[in-house]
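Read through the structure below, which is laid out as structure tokens, and then see the notes.
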Amino acid sequence: MSEVFFYHLTESSVDEALPALVEKSVARGWRAAIQSDSAELRDRLDTHLWTYRPEGFLAHGADGCDHPESQPVLLTTETANPNGADIRFLIGRAEPPDDLSGYERVVLMFDGLDEDALASARGHWKALKAAGHQLTYWQQDNEGRWERKA
């Protein structure tokens, strides 16, 4: 069964928190898929990952790009895994793929200030726990650092 990490955003947005987590994953030698719940969110992140730091960027492709299988990071709205990702980030209210067995880790990030996102995350927690996945819950402290809560 896959490890599933729940990241409860309380002090920063997904735009602020996601790039560092993806960078750490790529530094481990993992390929990443970032699945969003809408094309608008995917496209916004596509631009953001090229410009979020003045001194660098996070190389990636998006749905419809040439050779998705060669992308170290792929932005998508689909549940397929064309780049052979080892880690899958779920953002917005993206639904986890039915089969998580191909992933080392799945990271579900949700906005703690959005009641619908909280309800969705709780539902995913119950379903994934019932499916036998190893779950870990992380919440941001007042300074935006991650603390393991469960």
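If you're wondering about the labels, chains in the structure tokens are A, B, ... by order shown, residues count from 1 in each chain, ligands from 1 in order shown.
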As an MDAnalysis selection string, please: the residues near Asn83 in chain A (cut-off 7 Å, only C-alpha atoms, same-chain neighbours under 2 positions excluded). chainID A and resid 68:71 74 81 85
Using DSSP on the backbone coordinates, identify all residues within range 37-137 of chain A classified as strand (DSSP E); present the result as an MDAnalysis selection string. chainID A and resid 61:62 73:76 87:90 105:111 134:137
Could you take the residues named above and write them with N, CA and C atoms, as a PDB file, in the first residue's frame?
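Resulting contents of part-v6.pdb:
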ATOM      1  N   GLY A  61       6.342  19.645 -17.512  1.00  0.00           N
ATOM      2  CA  GLY A  61       5.453  19.673 -18.652  1.00  0.00           C
ATOM      3  C   GLY A  61       4.023  19.649 -18.149  1.00  0.00           C
ATOM      4  N   ALA A  62       3.084  19.760 -19.064  1.00  0.00           N
ATOM      5  CA  ALA A  62       1.663  19.757 -18.704  1.00  0.00           C
ATOM      6  C   ALA A  62       0.894  18.922 -19.711  1.00  0.00           C
ATOM      7  N   VAL A  73       8.449  16.275 -13.994  1.00  0.00           N
ATOM      8  CA  VAL A  73       7.258  16.756 -13.298  1.00  0.00           C
ATOM      9  C   VAL A  73       6.198  17.001 -14.368  1.00  0.00           C
ATOM     10  N   LEU A  74       5.006  16.474 -14.128  1.00  0.00           N
ATOM     11  CA  LEU A  74       3.924  16.637 -15.095  1.00  0.00           C
ATOM     12  C   LEU A  74       2.693  17.197 -14.387  1.00  0.00           C
ATOM     13  N   LEU A  75       2.164  18.300 -14.909  1.00  0.00           N
ATOM     14  CA  LEU A  75       0.926  18.896 -14.407  1.00  0.00           C
ATOM     15  C   LEU A  75      -0.232  18.323 -15.202  1.00  0.00           C
ATOM     16  N   THR A  76      -1.268  17.867 -14.497  1.00  0.00           N
ATOM     17  CA  THR A  76      -2.360  17.185 -15.172  1.00  0.00           C
ATOM     18  C   THR A  76      -3.678  17.377 -14.442  1.00  0.00           C
ATOM     19  N   ILE A  87       5.698   9.941  -7.167  1.00  0.00           N
ATOM     20  CA  ILE A  87       4.917  10.687  -6.189  1.00  0.00           C
ATOM     21  C   ILE A  87       3.844  11.462  -6.927  1.00  0.00           C
ATOM     22  N   ARG A  88       2.662  11.478  -6.341  1.00  0.00           N
ATOM     23  CA  ARG A  88       1.537  12.197  -6.956  1.00  0.00           C
ATOM     24  C   ARG A  88       1.024  13.216  -5.955  1.00  0.00           C
ATOM     25  N   PHE A  89       0.974  14.477  -6.385  1.00  0.00           N
ATOM     26  CA  PHE A  89       0.421  15.552  -5.580  1.00  0.00           C
ATOM     27  C   PHE A  89      -1.000  15.807  -6.060  1.00  0.00           C
ATOM     28  N   LEU A  90      -1.935  15.855  -5.137  1.00  0.00           N
ATOM     29  CA  LEU A  90      -3.330  16.151  -5.439  1.00  0.00           C
ATOM     30  C   LEU A  90      -3.636  17.529  -4.859  1.00  0.00           C
ATOM     31  N   ARG A 105       4.586   7.558  -2.904  1.00  0.00           N
ATOM     32  CA  ARG A 105       3.869   8.444  -1.989  1.00  0.00           C
ATOM     33  C   ARG A 105       2.828   9.227  -2.781  1.00  0.00           C
ATOM     34  N   VAL A 106       1.723   9.506  -2.097  1.00  0.00           N
ATOM     35  CA  VAL A 106       0.688  10.392  -2.616  1.00  0.00           C
ATOM     36  C   VAL A 106       0.540  11.511  -1.596  1.00  0.00           C
ATOM     37  N   VAL A 107       0.502  12.755  -2.073  1.00  0.00           N
ATOM     38  CA  VAL A 107       0.387  13.919  -1.195  1.00  0.00           C
ATOM     39  C   VAL A 107      -0.889  14.660  -1.551  1.00  0.00           C
ATOM     40  N   LEU A 108      -1.782  14.753  -0.588  1.00  0.00           N
ATOM     41  CA  LEU A 108      -3.025  15.470  -0.773  1.00  0.00           C
ATOM     42  C   LEU A 108      -2.914  16.787  -0.013  1.00  0.00           C
ATOM     43  N   MET A 109      -2.909  17.899  -0.740  1.00  0.00           N
ATOM     44  CA  MET A 109      -2.789  19.228  -0.129  1.00  0.00           C
ATOM     45  C   MET A 109      -4.154  19.892  -0.148  1.00  0.00           C
ATOM     46  N   PHE A 110      -4.549  20.482   1.007  1.00  0.00           N
ATOM     47  CA  PHE A 110      -5.858  21.117   1.053  1.00  0.00           C
ATOM     48  C   PHE A 110      -5.814  22.398   1.877  1.00  0.00           C
ATOM     49  N   ASP A 111      -6.674  23.327   1.497  1.00  0.00           N
ATOM     50  CA  ASP A 111      -6.765  24.654   2.097  1.00  0.00           C
ATOM     51  C   ASP A 111      -7.577  24.562   3.387  1.00  0.00           C
ATOM     52  N   GLN A 134      -1.238   3.659   4.322  1.00  0.00           N
ATOM     53  CA  GLN A 134      -0.573   4.258   5.477  1.00  0.00           C
ATOM     54  C   GLN A 134      -0.721   5.771   5.375  1.00  0.00           C
ATOM     55  N   LEU A 135      -1.443   6.384   6.332  1.00  0.00           N
ATOM     56  CA  LEU A 135      -1.753   7.805   6.268  1.00  0.00           C
ATOM     57  C   LEU A 135      -0.959   8.592   7.305  1.00  0.00           C
ATOM     58  N   THR A 136      -0.553   9.793   6.915  1.00  0.00           N
ATOM     59  CA  THR A 136       0.126  10.726   7.806  1.00  0.00           C
ATOM     60  C   THR A 136      -0.488  12.094   7.583  1.00  0.00           C
ATOM     61  N   TYR A 137      -0.723  12.810   8.685  1.00  0.00           N
ATOM     62  CA  TYR A 137      -1.347  14.124   8.619  1.00  0.00           C
ATOM     63  C   TYR A 137      -0.364  15.179   9.092  1.00  0.00           C
TER      64      TYR A 137
END
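Comparing A:Ala20, A:Ala127, A:Ala80, A:Cys65 by their smallest distance to Ala33 in chain A, the closest is A:Ala80 (using only C-alpha atoms).
Distance check against Gln35 in chain A using only C-alpha atoms: of A:Glu16, A:Gly132, A:Asp63, A:Pro72, the minimum falls on A:Asp63.
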Rank A:Gly64, A:Pro54, A:Gly92, A:Gly123 by their smallest atom-to-atom distance to Ser38 in chain A, using only C-alpha atoms, and report the top residue only. A:Gly92
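Nearest residue to Val14 in chain A among A:Val26, A:Ala39, A:Leu45, A:Ala59 is A:Leu45, counting only C-alpha atoms.
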Out of A:Ser12, A:Asp116, A:Thr79, A:Lys149, which residue has the shortest atom-to-atom distance to Arg93 in chain A when counting only C-alpha atoms? A:Asp116
Would you give me, as a count of residues only, the residues in range 2-97 of chain A that DSSP reads as helix (DSSP H, G or I)? 30
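Among A:Gly112, A:His67, A:Arg31, A:Asp15, the residue with the shortest atom-to-atom distance to Arg44 in chain A, counting only C-alpha atoms, is A:Asp15.
Picture a line from CA of Gly144 in chain A to CA of His8 in chain A; it runs 10.6 Å.
Taking CA of Glu104 in chain A and CA of Ala32 in chain A as endpoints, the distance between them is 10.4 Å.
Computed from the coordinates, the CA of Tyr103 in chain A to CA of Gly29 in chain A distance equals 13.3 Å.
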Please provide as a PDB file with C-alpha atoms, in the first residue's frame all residues within 12 Å of Asn142 in chain A, with the sequence filter that same-chain residues fewer than 4 positions apart are discarded (counting only C-alpha atoms).
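Output (result_32.pdb):
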ATOM      1  CA  LEU A   9      -2.447  24.445   4.515  1.00  0.00           C
ATOM      2  CA  THR A  10      -3.178  27.083   7.171  1.00  0.00           C
ATOM      3  CA  GLU A  11      -0.438  29.688   6.722  1.00  0.00           C
ATOM      4  CA  SER A  12       0.350  29.615   3.005  1.00  0.00           C
ATOM      5  CA  TRP A 146       5.139  21.452   8.715  1.00  0.00           C
ATOM      6  CA  GLU A 147       4.326  19.570  11.934  1.00  0.00           C
TER       7      GLU A 147
END
